[in-house]
$ cat query-v2.cif   # mmCIF, C-alpha atoms
data_structure
#
loop_
_atom_site.label_atom_id
_atom_site.label_comp_id
_atom_site.auth_asym_id
_atom_site.auth_seq_id
_atom_site.Cartn_x
_atom_site.Cartn_y
_atom_site.Cartn_z
CA MET A 1 -13.70 -58.38 22.77
CA ASN A 2 -14.08 -55.74 20.13
CA THR A 3 -17.86 -56.01 20.16
CA ILE A 4 -17.95 -55.48 23.90
CA GLN A 5 -15.69 -52.48 23.52
CA ASN A 6 -17.90 -51.08 20.76
CA GLU A 7 -21.03 -51.70 22.77
CA TRP A 8 -19.50 -49.95 25.76
CA ASN A 9 -18.48 -46.99 23.59
CA ALA A 10 -22.06 -46.63 22.36
CA VAL A 11 -23.49 -46.91 25.87
CA ARG A 12 -20.92 -44.47 27.18
CA ARG A 13 -21.74 -41.89 24.53
CA GLN A 14 -25.44 -42.21 25.25
CA ILE A 15 -24.97 -41.87 29.01
CA VAL A 16 -22.74 -38.82 28.71
CA GLY A 17 -25.17 -37.24 26.23
CA ASN A 18 -28.07 -37.77 28.63
CA ALA A 19 -26.04 -36.44 31.53
CA VAL A 20 -25.29 -33.23 29.66
CA SER A 21 -28.94 -32.71 28.67
CA ILE A 22 -30.03 -33.23 32.27
CA GLY A 23 -27.43 -30.66 33.29
CA PHE A 24 -28.91 -28.10 30.91
CA ALA A 25 -32.47 -28.84 32.04
CA VAL A 26 -31.46 -28.38 35.67
CA ALA A 27 -29.64 -25.17 34.78
CA MET A 28 -33.07 -23.62 34.15
CA TYR A 29 -33.86 -24.14 37.83
CA GLY A 30 -30.41 -22.83 38.64
CA VAL A 31 -31.08 -19.50 36.98
CA SER A 32 -34.36 -19.18 38.91
CA PHE A 33 -32.58 -20.11 42.12
CA GLY A 34 -29.84 -17.53 41.60
CA ALA A 35 -32.45 -14.89 40.86
CA LEU A 36 -34.51 -15.86 43.90
CA GLY A 37 -31.49 -15.87 46.20
CA THR A 38 -30.46 -12.32 45.46
CA THR A 39 -34.09 -11.11 45.41
CA THR A 40 -34.61 -12.29 48.97
CA GLY A 41 -31.66 -10.36 50.29
CA LEU A 42 -28.83 -12.85 50.12
CA THR A 43 -25.63 -11.49 48.61
CA ILE A 44 -24.21 -13.02 45.43
CA PRO A 45 -21.48 -14.90 47.39
CA GLN A 46 -24.10 -16.28 49.81
CA THR A 47 -26.32 -17.43 46.94
CA MET A 48 -23.31 -19.04 45.26
CA ALA A 49 -22.23 -20.68 48.52
CA LEU A 50 -25.60 -22.44 48.68
CA SER A 51 -25.22 -23.89 45.20
CA LEU A 52 -21.58 -24.85 45.74
CA LEU A 53 -21.84 -26.24 49.27
CA MET A 54 -25.44 -27.31 49.85
CA PHE A 55 -25.97 -28.48 46.25
CA THR A 56 -29.45 -29.92 46.57
CA GLY A 57 -32.00 -27.77 44.78
CA ALA A 58 -35.13 -28.36 46.83
CA SER A 59 -33.31 -27.62 50.11
CA GLN A 60 -31.82 -24.46 48.60
CA PHE A 61 -35.22 -23.24 47.39
CA THR A 62 -36.71 -24.09 50.78
CA LEU A 63 -34.06 -22.21 52.75
CA VAL A 64 -34.28 -19.14 50.59
CA SER A 65 -38.05 -18.94 50.36
CA THR A 66 -38.43 -19.46 54.11
CA LEU A 67 -36.12 -16.49 54.63
CA ALA A 68 -38.05 -14.57 51.97
CA SER A 69 -41.36 -15.08 53.79
CA GLY A 70 -39.78 -13.60 56.92
CA GLY A 71 -38.79 -16.82 58.70
CA THR A 72 -35.84 -16.81 61.08
CA ALA A 73 -32.49 -18.26 60.03
CA LEU A 74 -33.08 -21.23 62.34
CA THR A 75 -36.46 -22.23 60.87
CA ALA A 76 -35.01 -21.84 57.38
CA VAL A 77 -32.08 -24.11 58.26
CA ILE A 78 -34.31 -26.79 59.80
CA ALA A 79 -36.66 -26.73 56.82
CA SER A 80 -33.71 -27.19 54.45
CA TRP A 81 -32.49 -30.18 56.49
CA LEU A 82 -35.90 -31.83 56.45
CA MET A 83 -35.97 -31.37 52.71
CA GLY A 84 -32.53 -32.97 52.45
CA THR A 85 -33.44 -36.19 54.28
CA ARG A 86 -34.16 -38.00 51.03
CA ASN A 87 -30.52 -37.56 49.99
CA ALA A 88 -29.58 -39.87 52.87
CA ALA A 89 -31.76 -42.55 51.29
CA TYR A 90 -30.15 -41.86 47.90
CA SER A 91 -26.59 -42.20 49.13
CA MET A 92 -27.51 -45.37 50.98
CA ARG A 93 -28.77 -46.76 47.68
CA MET A 94 -25.77 -45.56 45.65
CA THR A 95 -22.88 -46.43 48.00
CA PRO A 96 -22.72 -50.18 47.22
CA ILE A 97 -22.98 -49.43 43.48
CA LEU A 98 -20.30 -46.72 43.39
CA LYS A 99 -17.72 -48.56 45.52
CA THR A 100 -15.67 -45.36 45.88
CA SER A 101 -13.08 -45.03 48.61
CA GLY A 102 -10.71 -42.33 49.78
CA PRO A 103 -11.28 -38.67 48.90
CA GLY A 104 -13.46 -39.66 45.93
CA LYS A 105 -16.10 -40.77 48.40
CA PHE A 106 -16.54 -37.26 49.78
CA VAL A 107 -17.05 -35.98 46.26
CA ALA A 108 -19.52 -38.77 45.48
CA VAL A 109 -21.46 -37.90 48.64
CA GLN A 110 -21.75 -34.26 47.60
CA LEU A 111 -22.92 -35.24 44.11
CA THR A 112 -25.69 -37.49 45.48
CA ILE A 113 -28.90 -35.73 44.45
CA ASP A 114 -32.19 -36.53 42.68
CA GLU A 115 -30.77 -36.48 39.17
CA SER A 116 -27.49 -38.37 39.65
CA THR A 117 -29.22 -41.08 41.69
CA ALA A 118 -32.06 -41.45 39.20
CA MET A 119 -29.61 -41.75 36.30
CA GLY A 120 -27.38 -44.17 38.22
CA LEU A 121 -30.32 -46.39 39.10
CA ALA A 122 -31.79 -46.20 35.59
CA GLN A 123 -28.89 -48.28 34.22
CA ASP A 124 -28.70 -52.03 34.45
CA GLU A 125 -26.61 -52.56 37.59
CA GLU A 126 -24.94 -55.66 36.12
CA ALA A 127 -24.10 -54.09 32.78
CA PHE A 128 -20.36 -53.79 32.08
CA GLN A 129 -19.57 -54.85 35.66
CA GLY A 130 -21.45 -51.83 37.01
CA ARG A 131 -19.50 -49.36 34.90
CA ALA A 132 -22.69 -48.07 33.26
CA SER A 133 -24.31 -47.23 36.62
CA ARG A 134 -21.15 -45.60 37.92
CA LEU A 135 -20.58 -43.56 34.76
CA ALA A 136 -24.22 -42.43 34.75
CA PHE A 137 -23.97 -41.27 38.36
CA TRP A 138 -20.66 -39.46 37.96
CA ALA A 139 -21.39 -37.90 34.57
CA THR A 140 -24.80 -36.64 35.71
CA GLY A 141 -23.53 -35.45 39.08
CA LEU A 142 -20.62 -33.53 37.58
CA SER A 143 -22.63 -32.08 34.69
CA VAL A 144 -25.38 -30.91 37.03
CA TYR A 145 -22.86 -29.53 39.54
CA LEU A 146 -21.08 -27.49 36.89
CA LEU A 147 -24.15 -26.17 35.10
CA TRP A 148 -26.18 -25.63 38.29
CA ASN A 149 -23.47 -23.38 39.70
CA LEU A 150 -22.92 -21.53 36.44
CA ALA A 151 -26.67 -20.99 36.14
CA THR A 152 -26.94 -19.80 39.75
CA PHE A 153 -24.29 -17.21 39.05
CA ILE A 154 -26.05 -15.99 35.90
CA GLY A 155 -29.37 -15.74 37.76
CA ALA A 156 -27.82 -14.00 40.73
CA ILE A 157 -26.02 -11.30 38.76
CA SER A 158 -28.92 -10.65 36.38
CA VAL A 159 -31.40 -9.95 39.18
CA SER A 160 -29.08 -7.49 40.81
CA ALA A 161 -29.52 -5.53 37.60
CA ILE A 162 -33.34 -5.29 37.64
CA GLY A 163 -35.47 -3.15 39.92
CA ASP A 164 -38.63 -4.20 41.78
CA PRO A 165 -38.85 -8.01 41.52
CA LYS A 166 -42.64 -7.92 42.00
CA SER A 167 -43.19 -5.88 38.84
CA PHE A 168 -41.51 -8.74 36.95
CA GLY A 169 -43.76 -11.26 38.66
CA LEU A 170 -40.81 -12.92 40.37
CA ASP A 171 -42.84 -13.71 43.50
CA ALA A 172 -45.34 -15.62 41.36
CA ALA A 173 -42.45 -17.31 39.55
CA ILE A 174 -41.17 -18.66 42.87
CA ALA A 175 -44.55 -20.15 43.73
CA ALA A 176 -44.83 -21.68 40.26
CA GLY A 177 -41.27 -23.05 40.44
CA LEU A 178 -41.95 -24.76 43.76
CA PHE A 179 -45.22 -26.08 42.37
CA ALA A 180 -43.40 -27.52 39.36
CA LEU A 181 -41.00 -29.26 41.76
CA VAL A 182 -43.74 -30.97 43.76
CA TRP A 183 -46.10 -31.74 40.83
CA PRO A 184 -44.26 -34.82 39.46
CA GLN A 185 -43.83 -36.22 43.00
CA ILE A 186 -47.58 -36.55 43.52
CA LYS A 187 -48.34 -40.02 42.24
CA SER A 188 -50.99 -41.42 44.55
CA ARG A 189 -54.04 -40.42 46.54
CA THR A 190 -51.89 -40.48 49.71
CA ASP A 191 -49.39 -38.09 48.11
CA LEU A 192 -52.22 -35.78 47.11
CA SER A 193 -53.71 -35.72 50.60
CA VAL A 194 -50.28 -35.00 52.10
CA ALA A 195 -49.86 -32.12 49.63
CA PHE A 196 -53.24 -30.61 50.50
CA GLY A 197 -52.79 -31.31 54.20
CA GLY A 198 -49.40 -29.58 54.24
CA ALA A 199 -50.70 -26.57 52.31
CA LEU A 200 -53.78 -26.15 54.51
CA ILE A 201 -51.87 -26.44 57.79
CA ALA A 202 -49.34 -23.88 56.58
CA LEU A 203 -52.07 -21.43 55.60
CA ALA A 204 -54.06 -21.97 58.78
CA LEU A 205 -51.00 -21.24 60.91
CA THR A 206 -49.73 -18.28 58.88
CA PRO A 207 -51.72 -15.59 60.78
CA ILE A 208 -50.96 -17.02 64.25
CA VAL A 209 -47.32 -18.12 64.35
CA PRO A 210 -44.11 -16.44 63.13
CA PRO A 211 -43.17 -16.91 59.44
CA GLY A 212 -41.26 -20.11 58.70
CA ILE A 213 -43.00 -22.14 61.41
CA PRO A 214 -46.08 -22.93 59.26
CA VAL A 215 -43.89 -24.72 56.72
CA LEU A 216 -42.11 -26.71 59.43
CA ALA A 217 -45.48 -27.66 60.92
CA ALA A 218 -46.49 -29.05 57.53
CA ALA A 219 -43.72 -31.64 57.92
CA MET A 220 -45.86 -33.21 60.65
CA VAL A 221 -48.40 -34.21 57.99
CA ALA A 222 -45.75 -36.31 56.23
CA VAL A 223 -44.68 -37.92 59.51
CA ILE A 224 -48.22 -38.78 60.61
CA VAL A 225 -49.48 -39.98 57.23
CA GLY A 226 -46.25 -41.92 56.61
CA TRP A 227 -46.54 -43.60 60.00
CA VAL A 228 -50.22 -44.48 59.65
CA THR A 229 -50.11 -45.76 56.05
CA SER A 230 -47.00 -47.93 56.48
CA ARG A 231 -48.52 -49.40 59.65
CA ARG A 232 -51.69 -50.28 57.79
CA LEU A 233 -49.66 -52.08 55.10
CA SER A 234 -47.70 -54.28 57.48
CA MET B 1 -27.45 -14.83 56.81
CA TRP B 2 -24.09 -16.58 56.55
CA PHE B 3 -25.21 -18.66 59.54
CA ALA B 4 -28.24 -19.96 57.66
CA VAL B 5 -26.22 -20.59 54.49
CA LEU B 6 -23.40 -22.48 56.20
CA ALA B 7 -25.47 -24.37 58.80
CA GLY B 8 -27.96 -25.36 56.12
CA ALA B 9 -25.19 -26.57 53.80
CA ALA B 10 -23.37 -28.46 56.57
CA GLY B 11 -26.55 -30.28 57.61
CA CYS B 12 -27.44 -31.20 54.05
CA TYR B 13 -23.96 -32.59 53.45
CA ALA B 14 -24.15 -34.52 56.71
CA LEU B 15 -27.46 -36.08 55.62
CA LYS B 16 -25.90 -37.21 52.33
CA TYR B 17 -22.92 -38.60 54.24
CA VAL B 18 -24.99 -40.39 56.87
CA GLY B 19 -26.74 -42.40 54.17
CA SER B 20 -23.42 -43.82 53.00
CA VAL B 21 -22.41 -45.13 56.44
CA ILE B 22 -25.53 -46.19 58.34
CA PRO B 23 -26.77 -49.77 58.29
CA VAL B 24 -29.14 -50.36 55.40
CA HIS B 25 -31.99 -51.72 57.52
CA ILE B 26 -32.74 -48.38 59.21
CA LEU B 27 -33.74 -46.54 56.04
CA GLU B 28 -35.31 -49.69 54.62
CA GLN B 29 -37.93 -49.71 57.37
CA PRO B 30 -41.30 -49.11 55.69
CA THR B 31 -42.25 -46.29 58.06
CA VAL B 32 -38.97 -44.40 57.61
CA LYS B 33 -39.05 -45.00 53.86
CA LYS B 34 -42.58 -43.65 53.56
CA ILE B 35 -41.87 -40.56 55.67
CA VAL B 36 -38.71 -39.73 53.69
CA LEU B 37 -40.81 -39.97 50.52
CA LEU B 38 -43.64 -37.80 51.85
CA LEU B 39 -41.55 -35.07 53.55
CA PRO B 40 -40.65 -33.17 50.36
CA ILE B 41 -44.29 -33.32 49.24
CA SER B 42 -45.65 -31.78 52.44
CA LEU B 43 -42.90 -29.16 52.71
CA LEU B 44 -43.02 -28.10 49.06
CA SER B 45 -46.84 -27.91 49.09
CA ALA B 46 -46.72 -25.78 52.21
CA LEU B 47 -44.16 -23.51 50.55
CA VAL B 48 -46.33 -23.21 47.43
CA ALA B 49 -49.33 -22.24 49.57
CA VAL B 50 -47.37 -19.68 51.59
CA GLN B 51 -45.66 -18.24 48.50
CA THR B 52 -49.04 -17.86 46.81
CA PHE B 53 -51.38 -16.64 49.56
CA ALA B 54 -49.26 -15.15 52.35
CA SER B 55 -47.92 -11.64 52.65
CA SER B 56 -45.85 -11.80 55.84
CA GLN B 57 -48.54 -12.91 58.32
CA ASP B 58 -51.62 -11.95 56.29
CA LEU B 59 -53.48 -14.15 53.84
CA VAL B 60 -54.12 -12.22 50.63
CA LEU B 61 -55.49 -12.78 47.12
CA ASP B 62 -53.29 -10.94 44.63
CA ALA B 63 -51.72 -11.40 41.18
CA ARG B 64 -49.92 -14.52 42.37
CA VAL B 65 -53.19 -16.51 42.49
CA PRO B 66 -54.09 -16.22 38.76
CA ALA B 67 -50.39 -16.71 37.99
CA LEU B 68 -50.40 -20.01 39.87
CA ALA B 69 -53.62 -21.01 38.13
CA ALA B 70 -51.89 -20.42 34.77
CA ALA B 71 -48.94 -22.49 35.96
CA THR B 72 -51.29 -25.31 36.98
CA VAL B 73 -52.80 -25.45 33.49
CA ALA B 74 -49.29 -25.46 31.99
CA LEU B 75 -48.21 -28.31 34.29
CA LYS B 76 -51.30 -30.32 33.29
CA PHE B 77 -50.07 -30.10 29.70
CA LYS B 78 -46.57 -31.25 30.74
CA THR B 79 -44.96 -27.92 29.86
CA PRO B 80 -41.21 -27.70 30.58
CA PHE B 81 -40.21 -26.16 33.92
CA ILE B 82 -38.79 -22.93 32.55
CA LEU B 83 -41.98 -22.17 30.57
CA VAL B 84 -44.17 -22.83 33.62
CA VAL B 85 -42.11 -20.36 35.64
CA LEU B 86 -42.05 -17.76 32.86
CA LEU B 87 -45.80 -18.07 32.29
CA ALA B 88 -46.47 -17.41 35.99
CA ALA B 89 -44.10 -14.44 36.01
CA VAL B 90 -45.59 -12.93 32.85
CA THR B 91 -49.17 -13.44 34.12
CA ALA B 92 -48.47 -11.68 37.41
CA ALA B 93 -46.39 -8.94 35.78
CA ALA B 94 -49.07 -8.25 33.15
CA LEU B 95 -51.92 -8.13 35.69
CA ARG B 96 -49.93 -5.68 37.77
CA TYR B 97 -48.87 -3.59 34.78
CA PHE B 98 -52.47 -3.14 33.62
CA GLY B 99 -53.62 -2.47 37.17
CA LEU B 100 -55.89 -5.55 37.26
CA ALA B 101 -54.32 -6.94 40.42
CA VAL B 102 -51.80 -5.95 43.07
#
$ encode --input "query-v2.cif" --output "structure tokens"
Amino acid sequence: MNTIQNEWNAVRRQIVGNAVSIGFAVAMYGVSFGALGTTTGLTIPQTMALSLLMFTGASQFTLVSTLASGGTALTAVIASWLMGTRNAAYSMRMTPILKTSGPGKFVAVQLTIDESTAMGLAQDEEAFQGRASRLAFWATGLSVYLLWNLATFIGAISVSAIGDPKSFGLDAAIAAGLFALVWPQIKSRTDLSVAFGGALIALALTPIVPPGIPVLAAAMVAVIVGWVTSRRLS
Amino acid sequence: MWFAVLAGAAGCYALKYVGSVIPVHILEQPTVKKIVLLLPISLLSALVAVQTFASSQDLVLDARVPALAAATVALKFKTPFILVVLLAAVTAAALRYFGLAV
């Protein structure tokens, strides 16, 4: 009994430690997001509301940079939704593992993002009757939530203090930040062609349609390629 | 802008919620699975392209292009996120400061 307890204590410490480090790593994105939000004309409360309520980094970056490039509110909203579709897949995967009910479920749903899901799934599902998976999800979700919002606030207030964002290269920083988000996702030749296809369509449409639409049009590449490749496999 | 913030947030929460209640077989379909996987790649790549080459509705070559090239090299060497972003910012800022690019 004692050995199991000791083992669990060791595992628990390791999981919580990892969760905190992930939180700090993500906080780096949070600072950039806060800075970007206020640079593109959102107020500090609006930027904070995105981190508190939307709480899914890629969708937040998408919404804000679509607005920044002159897109309408509607195109920005739709783009952020499309970006958030993968969270539906995550929460489908996590729900049977978490087994939360009542109000806790609504919190778990909000905390379902890339990092918490990845950490939850990285544990052995059977270990300690699933406690390891659940702890990893909750610890990572809460640590990221806390630090992401703190970092957003720091980024948002610090940009309000500086002058022309372009002279600090902030526009280039946004492009590089988005690039760093997509880079690790490109794992196959199909992924690479979707990346290039999306980029080319967006650029080709930029001079002819209103801002925001080119990015939405790029989503079609994912739909078509996804449809064709999965059909070929089956 | 509050419309975009709140509608965006509501939709993203709804997507997270939907996943916890819909029957597993819908998202397990190979086509749906593949599209969900590819959507962020196409959208993010499009955003990178637009953020790098577009100035409202014009396509331009300015300090952002060498900055992104620097970021690409950094990513190839598995540099941490924050350094990639800083490197791009410093590259663009320096080129502009010395009048080498707009």
$ residues_around --input "query-v2.cif" --residues "Phe24 of chain A" --least-positions-apart "3" --cutoff "10 Å" --atoms "only C-alpha atoms" --output "list in words"
Asn18, Ala19, Val20, Ser21, Ala27, Met28, Tyr29, Gly30, Ser143, Val144, Leu146, Leu147, Trp148 and Ala151 of chain A
$ resolve_selection --input "query-v2.cif" --expression "the PyMOL selection byres ((chain A and resi 120) around 8)" --output "list of chain:residue names"
A:Met94, A:Ser116, A:Thr117, A:Ala118, A:Met119, A:Leu121, A:Ala122, A:Gln123, A:Ala132, A:Ser133, A:Arg134, A:Leu135, A:Ala136, A:Phe137
$ write_last_selection --input "query-v2.cif" --atoms "C-alpha atoms" --output "tab-separated table (two decimals), in the coordinates of the input"
chain	number	residue	atom	x	y	z
A	94	MET	CA	-25.77	-45.56	45.65
A	116	SER	CA	-27.49	-38.37	39.65
A	117	THR	CA	-29.22	-41.08	41.69
A	118	ALA	CA	-32.06	-41.45	39.20
A	119	MET	CA	-29.61	-41.75	36.30
A	121	LEU	CA	-30.32	-46.39	39.10
A	122	ALA	CA	-31.79	-46.20	35.59
A	123	GLN	CA	-28.89	-48.28	34.22
A	132	ALA	CA	-22.69	-48.07	33.26
A	133	SER	CA	-24.31	-47.23	36.62
A	134	ARG	CA	-21.15	-45.60	37.92
A	135	LEU	CA	-20.58	-43.56	34.76
A	136	ALA	CA	-24.22	-42.43	34.75
A	137	PHE	CA	-23.97	-41.27	38.36
$ residues_around --input "query-v2.cif" --residues "Val84 of chain B" --least-positions-apart "6" --cutoff "8 Å" --atoms "all atoms listed in the file" --output "NGL selection string"
(:A and (176-177 or 180)) or (:B and (71 or 74-75))
$ residues_near_point --input "query-v2.cif" --point "(-44.4, -31.9, 45.2)" --cutoff "8 Å" --atoms "all atoms listed in the file" --output "list in words"
Leu178, Phe179, Ala180, Leu181, Val182, Trp183, Pro184, Gln185, Ile186 and Ala195 of chain A; Pro40, Ile41, Ser42, Leu44 and Ser45 of chain B
$ resolve_selection --input "query-v2.cif" --expression "the PyMOL selection byres ((chain A) within 7 of (chain B))" --output "PDB file with C-alpha atoms, in the frame of the given file"
ATOM      1  CA  MET A  28     -33.070 -23.620  34.150  1.00  0.00           C
ATOM      2  CA  GLN A  46     -24.100 -16.280  49.810  1.00  0.00           C
ATOM      3  CA  LEU A  50     -25.600 -22.440  48.680  1.00  0.00           C
ATOM      4  CA  LEU A  53     -21.840 -26.240  49.270  1.00  0.00           C
ATOM      5  CA  MET A  54     -25.440 -27.310  49.850  1.00  0.00           C
ATOM      6  CA  SER A  69     -41.360 -15.080  53.790  1.00  0.00           C
ATOM      7  CA  GLY A  70     -39.780 -13.600  56.920  1.00  0.00           C
ATOM      8  CA  ALA A  73     -32.490 -18.260  60.030  1.00  0.00           C
ATOM      9  CA  LEU A  74     -33.080 -21.230  62.340  1.00  0.00           C
ATOM     10  CA  VAL A  77     -32.080 -24.110  58.260  1.00  0.00           C
ATOM     11  CA  SER A  80     -33.710 -27.190  54.450  1.00  0.00           C
ATOM     12  CA  TRP A  81     -32.490 -30.180  56.490  1.00  0.00           C
ATOM     13  CA  MET A  83     -35.970 -31.370  52.710  1.00  0.00           C
ATOM     14  CA  GLY A  84     -32.530 -32.970  52.450  1.00  0.00           C
ATOM     15  CA  THR A  85     -33.440 -36.190  54.280  1.00  0.00           C
ATOM     16  CA  ARG A  86     -34.160 -38.000  51.030  1.00  0.00           C
ATOM     17  CA  ASN A  87     -30.520 -37.560  49.990  1.00  0.00           C
ATOM     18  CA  ALA A  88     -29.580 -39.870  52.870  1.00  0.00           C
ATOM     19  CA  ALA A  89     -31.760 -42.550  51.290  1.00  0.00           C
ATOM     20  CA  SER A  91     -26.590 -42.200  49.130  1.00  0.00           C
ATOM     21  CA  MET A  92     -27.510 -45.370  50.980  1.00  0.00           C
ATOM     22  CA  THR A  95     -22.880 -46.430  48.000  1.00  0.00           C
ATOM     23  CA  VAL A 109     -21.460 -37.900  48.640  1.00  0.00           C
ATOM     24  CA  GLN A 110     -21.750 -34.260  47.600  1.00  0.00           C
ATOM     25  CA  THR A 112     -25.690 -37.490  45.480  1.00  0.00           C
ATOM     26  CA  SER A 167     -43.190  -5.880  38.840  1.00  0.00           C
ATOM     27  CA  PHE A 168     -41.510  -8.740  36.950  1.00  0.00           C
ATOM     28  CA  GLY A 169     -43.760 -11.260  38.660  1.00  0.00           C
ATOM     29  CA  LEU A 170     -40.810 -12.920  40.370  1.00  0.00           C
ATOM     30  CA  ALA A 172     -45.340 -15.620  41.360  1.00  0.00           C
ATOM     31  CA  ALA A 173     -42.450 -17.310  39.550  1.00  0.00           C
ATOM     32  CA  ALA A 175     -44.550 -20.150  43.730  1.00  0.00           C
ATOM     33  CA  ALA A 176     -44.830 -21.680  40.260  1.00  0.00           C
ATOM     34  CA  GLY A 177     -41.270 -23.050  40.440  1.00  0.00           C
ATOM     35  CA  LEU A 178     -41.950 -24.760  43.760  1.00  0.00           C
ATOM     36  CA  PHE A 179     -45.220 -26.080  42.370  1.00  0.00           C
ATOM     37  CA  ALA A 180     -43.400 -27.520  39.360  1.00  0.00           C
ATOM     38  CA  VAL A 182     -43.740 -30.970  43.760  1.00  0.00           C
ATOM     39  CA  GLN A 185     -43.830 -36.220  43.000  1.00  0.00           C
ATOM     40  CA  ASP A 191     -49.390 -38.090  48.110  1.00  0.00           C
ATOM     41  CA  VAL A 194     -50.280 -35.000  52.100  1.00  0.00           C
ATOM     42  CA  ALA A 195     -49.860 -32.120  49.630  1.00  0.00           C
ATOM     43  CA  GLY A 198     -49.400 -29.580  54.240  1.00  0.00           C
ATOM     44  CA  ALA A 199     -50.700 -26.570  52.310  1.00  0.00           C
ATOM     45  CA  ALA A 202     -49.340 -23.880  56.580  1.00  0.00           C
ATOM     46  CA  LEU A 203     -52.070 -21.430  55.600  1.00  0.00           C
ATOM     47  CA  THR A 206     -49.730 -18.280  58.880  1.00  0.00           C
ATOM     48  CA  PRO A 207     -51.720 -15.590  60.780  1.00  0.00           C
ATOM     49  CA  PRO A 211     -43.170 -16.910  59.440  1.00  0.00           C
ATOM     50  CA  VAL A 215     -43.890 -24.720  56.720  1.00  0.00           C
ATOM     51  CA  ALA A 218     -46.490 -29.050  57.530  1.00  0.00           C
ATOM     52  CA  ALA A 219     -43.720 -31.640  57.920  1.00  0.00           C
ATOM     53  CA  VAL A 221     -48.400 -34.210  57.990  1.00  0.00           C
ATOM     54  CA  ALA A 222     -45.750 -36.310  56.230  1.00  0.00           C
ATOM     55  CA  VAL A 223     -44.680 -37.920  59.510  1.00  0.00           C
ATOM     56  CA  GLY A 226     -46.250 -41.920  56.610  1.00  0.00           C
ATOM     57  CA  TRP A 227     -46.540 -43.600  60.000  1.00  0.00           C
ATOM     58  CA  SER A 230     -47.000 -47.930  56.480  1.00  0.00           C
TER      59      SER A 230
END
$ atom_distance --input "query-v2.cif" --atom1 "atom CA of Leu67 of chain A" --atom2 "atom CA of Tyr90 of chain A"
26.9 Å
$ residues_near_point --input "query-v2.cif" --point "(-24.8, -12.4, 46.3)" --cutoff "12 Å" --atoms "only C-alpha atoms" --output "PyMOL selection string"
(chain A and resi 33-51+152-160) or (chain B and resi 1-2+5)
$ atom_distance --input "query-v2.cif" --atom1 "atom CA of Ile174 of chain A" --atom2 "atom CA of Leu200 of chain A"
18.7 Å
$ atom_distance --input "query-v2.cif" --atom1 "atom CA of Val73 of chain B" --atom2 "atom CA of Ile201 of chain A"
24.3 Å
$ closest_residue --input "query-v2.cif" --among "A:Asn149, A:Ala10, A:Val31, A:Ser193" --to "Thr229 of chain A" --atoms "all atoms listed in the file"
A:Ser193
